Amino acid sequence: MKRYLPIILIALLIANIALAQEDGRLAITPANVAQIQEIAALTDFNSWITDVEFSPDGSLIGTAVHYGPIALWDAESFEVVYTWNDPSWVDLEIFMTTLAFSSDGSQLALGGLSPAVYILDIGTSTVVTELPVDVEYGQITDIAFSPDGQWVAASVVKLSPANEQNASVWLWDTATWTPTELITFEGQSAGLHLSFSPNNRYLAYGGTERLSLTEFEPVGGVWHMEAGQAIAVYPTCTPKQFSPTGALLTICQRDEGYGLSLWDINETNAPLQQIDAEWALLAPLAFSPDGALLMVGYTFWDVTTGEQVATYDKPNPQNMSAIAFNPAGTLIAYGVAGVSSVGLEDSQDAYVMGVVE
């Protein structure tokens, strides 16, 4: 696959330029990312940001907070156009902290401090189905729709009792909402990560059990939907997400610590690129839609060369909680938490960045 990577990147770049021309903004690339600036702040949250996502058509930004409603923002005016929170959930202390748009943009999958995934119809503002998981006192830590819309996956952490903590991965067919438990990680108390491959063939999942601040034990796997079985891959690496080109990005343990590695899982099962991003273990990350740029915390990396090309000058990189590019690659939305891991205060807002000439 490595020999085809430049061709794939060029094709994605051409498509990205066409989308960028439609919204009148410059696509963010390794060449101009140093010109990126904050252009909007999505404020008035009463708690810390836990997730940000763009709708598939790029018109909306979805935000989730630890204590508060799901909000949808207009991606042009950056004004709230919709908020949602079931009033009965407040009394039950059920909060939605992660979200994902369906591939056609008509639905939101929501998860949080409840052992269930909720599917919200955006047009009617109603929950069309509730997908419980067989985990008492659980929390949904990540949700993903498959690119073709046929699957919803969720990772779940069992919160108590402490001596029985584990995490599991669940999958639903969106035609019947039939649940399947893919795998359980015993003794896993940290959240799992989920990512479907662009061709719908694989679901990568993995998490880390934090032994101390700097020591982690990676676990993970890729689920082959055609074969219907879990297979172990890269035992010293934790799957994070797929790139737009279909390569799998992982956090890997190395002699000098942890770093990011991009793997070809379709042909040679070999690493395509290594990126020595600071805070890679703790910071959120996202690829640009053309696959040429990777944002890790407040740093930007050229995927082809593996070199850092820019740093966004903000304090407390470990405080960032979520990152998302819009489909055109012209905007980046990110959220920050209220208190960093080292106890430093920070804002609790979401921000939007773009290239400013």
# chains A, B, ... in the order shown; residues from 1 in each chain; ligands from 1

$ residues_around --residues "Gln274 of chain A" --least-positions-apart "3" --cutoff "7 Å" --atoms "only C-alpha atoms" --output "MDAnalysis selection string"
chainID A and resid 260:262 306

$ select_by_dssp --residues "segment 66-119 of chain A" --states "strand (DSSP E)" --output "ChimeraX atom specification"
/A:70-74,80-84,96-101,107-112,114-119

$ write_last_selection --atoms "N, CA and C atoms" --output "compact mmCIF listing (two decimals), in the first residue's frame"
# COMPACT_ATOMS: atom_id res chain seq x y z
N ILE A 70 -26.67 18.04 24.72
CA ILE A 70 -26.05 17.99 23.41
C ILE A 70 -26.43 19.27 22.66
N ALA A 71 -25.48 19.88 22.00
CA ALA A 71 -25.76 21.10 21.24
C ALA A 71 -25.30 20.93 19.80
N LEU A 72 -26.07 21.49 18.87
CA LEU A 72 -25.70 21.56 17.46
C LEU A 72 -25.52 23.02 17.10
N TRP A 73 -24.41 23.34 16.45
CA TRP A 73 -24.04 24.70 16.09
C TRP A 73 -23.99 24.83 14.58
N ASP A 74 -24.43 25.98 14.07
CA ASP A 74 -24.30 26.28 12.65
C ASP A 74 -22.82 26.52 12.35
N VAL A 80 -25.80 28.51 18.16
CA VAL A 80 -26.53 27.29 18.52
C VAL A 80 -27.85 27.24 17.74
N VAL A 81 -28.11 26.14 17.08
CA VAL A 81 -29.37 25.98 16.36
C VAL A 81 -30.25 24.92 17.02
N TYR A 82 -29.68 24.15 17.95
CA TYR A 82 -30.46 23.08 18.55
C TYR A 82 -29.76 22.57 19.80
N THR A 83 -30.51 22.36 20.87
CA THR A 83 -29.98 21.68 22.05
C THR A 83 -30.94 20.57 22.44
N TRP A 84 -30.40 19.54 23.03
CA TRP A 84 -31.24 18.40 23.38
C TRP A 84 -30.74 17.74 24.65
N MET A 96 -24.88 12.58 28.42
CA MET A 96 -24.32 12.14 27.15
C MET A 96 -22.98 12.83 26.92
N THR A 97 -21.92 12.06 26.86
CA THR A 97 -20.58 12.65 26.76
C THR A 97 -19.86 12.32 25.46
N THR A 98 -20.45 11.48 24.62
CA THR A 98 -19.84 11.18 23.32
C THR A 98 -20.94 11.09 22.27
N LEU A 99 -20.64 11.48 21.05
CA LEU A 99 -21.65 11.48 20.00
C LEU A 99 -21.02 11.14 18.66
N ALA A 100 -21.86 10.71 17.72
CA ALA A 100 -21.43 10.42 16.36
C ALA A 100 -22.59 10.63 15.41
N PHE A 101 -22.34 11.31 14.29
CA PHE A 101 -23.35 11.48 13.25
C PHE A 101 -23.41 10.23 12.38
N GLN A 107 -29.11 11.16 11.83
CA GLN A 107 -29.19 10.65 13.20
C GLN A 107 -27.91 10.97 13.98
N LEU A 108 -28.07 11.01 15.29
CA LEU A 108 -26.95 11.11 16.21
C LEU A 108 -26.98 9.90 17.13
N ALA A 109 -25.84 9.26 17.27
CA ALA A 109 -25.69 8.23 18.29
C ALA A 109 -25.07 8.89 19.50
N LEU A 110 -25.69 8.68 20.68
CA LEU A 110 -25.26 9.36 21.90
C LEU A 110 -24.92 8.32 22.96
N GLY A 111 -23.88 8.61 23.72
CA GLY A 111 -23.51 7.73 24.81
C GLY A 111 -22.89 8.52 25.94
N GLY A 112 -22.93 7.95 27.13
CA GLY A 112 -22.35 8.64 28.28
C GLY A 112 -22.45 7.81 29.53
N SER A 114 -24.32 5.98 31.15
CA SER A 114 -25.46 5.07 31.12
C SER A 114 -25.05 3.87 30.30
N PRO A 115 -25.44 2.66 30.71
CA PRO A 115 -25.07 1.46 29.94
C PRO A 115 -25.98 1.27 28.73
N ALA A 116 -26.10 2.31 27.90
CA ALA A 116 -26.95 2.22 26.71
C ALA A 116 -26.51 3.29 25.72
N VAL A 117 -26.75 3.01 24.45
CA VAL A 117 -26.56 3.97 23.37
C VAL A 117 -27.93 4.45 22.92
N TYR A 118 -28.07 5.75 22.71
CA TYR A 118 -29.34 6.34 22.28
C TYR A 118 -29.19 6.87 20.86
N ILE A 119 -30.15 6.54 20.00
CA ILE A 119 -30.15 7.02 18.62
C ILE A 119 -31.18 8.12 18.50

$ atom_distance --atom1 "atom CA of Phe196 of chain A" --atom2 "atom CA of Asp302 of chain A"
22.3 Å

$ closest_residue --among "A:Ser77, A:Ser106, A:Gln139, A:Ser321" --to "Thr126 of chain A" --atoms "only C-alpha atoms"
A:Ser106

$ residues_around --residues "Val356 of chain A" --least-positions-apart "4" --cutoff "9 Å" --atoms "only C-alpha atoms" --output "list in words"
Arg25, Leu26, Gln35, Ile36, Gln37, Glu38 and Ile39 of chain A

$ atom_distance --atom1 "atom CA of Tyr137 of chain A" --atom2 "atom CA of Thr184 of chain A"
15.5 Å

$ residues_around --residues "Asp134 of chain A" --least-positions-apart "2" --cutoff "10 Å" --atoms "only C-alpha atoms" --output "list in words"
Pro115, Ala116, Pro132, Glu136, Tyr137, Gly138, Val156, Lys158, Ser168, Trp170, Pro179 and Glu181 of chain A

$ residues_around --residues "Gly105 of chain A" --least-positions-apart "4" --cutoff "9 Å" --atoms "only C-alpha atoms" --output "ChimeraX atom specification"
/A:55-57,101,122

$ atom_distance --atom1 "atom CA of Phe287 of chain A" --atom2 "atom CA of Ser243 of chain A"
6.4 Å

$ select_by_dssp --residues "segment 54-154 of chain A" --states "alpha helix (DSSP H)" --output "ChimeraX atom specification"
/A:87-92

$ write_last_selection --atoms "N, CA and C atoms" --output "PDB file, in the first residue's frame"
ATOM      1  N   PRO A  87     -35.275  15.583  29.849  1.00  0.00           N
ATOM      2  CA  PRO A  87     -35.374  16.072  31.230  1.00  0.00           C
ATOM      3  C   PRO A  87     -35.306  14.967  32.273  1.00  0.00           C
ATOM      4  N   SER A  88     -35.809  13.792  31.956  1.00  0.00           N
ATOM      5  CA  SER A  88     -35.799  12.700  32.933  1.00  0.00           C
ATOM      6  C   SER A  88     -34.399  12.224  33.241  1.00  0.00           C
ATOM      7  N   TRP A  89     -33.462  12.485  32.315  1.00  0.00           N
ATOM      8  CA  TRP A  89     -32.100  12.011  32.537  1.00  0.00           C
ATOM      9  C   TRP A  89     -31.388  12.812  33.619  1.00  0.00           C
ATOM     10  N   VAL A  90     -31.744  14.077  33.772  1.00  0.00           N
ATOM     11  CA  VAL A  90     -31.074  14.923  34.743  1.00  0.00           C
ATOM     12  C   VAL A  90     -31.247  14.373  36.151  1.00  0.00           C
ATOM     13  N   ASP A  91     -32.466  13.978  36.474  1.00  0.00           N
ATOM     14  CA  ASP A  91     -32.724  13.406  37.799  1.00  0.00           C
ATOM     15  C   ASP A  91     -31.977  12.099  38.004  1.00  0.00           C
ATOM     16  N   LEU A  92     -31.775  11.363  36.917  1.00  0.00           N
ATOM     17  CA  LEU A  92     -31.090  10.081  37.011  1.00  0.00           C
ATOM     18  C   LEU A  92     -29.580  10.223  36.871  1.00  0.00           C
TER      19      LEU A  92
END

$ closest_residue --among "A:Glu79, A:Asp121, A:Asp51, A:Asp44" --to "Leu285 of chain A" --atoms "only C-alpha atoms"
A:Asp51
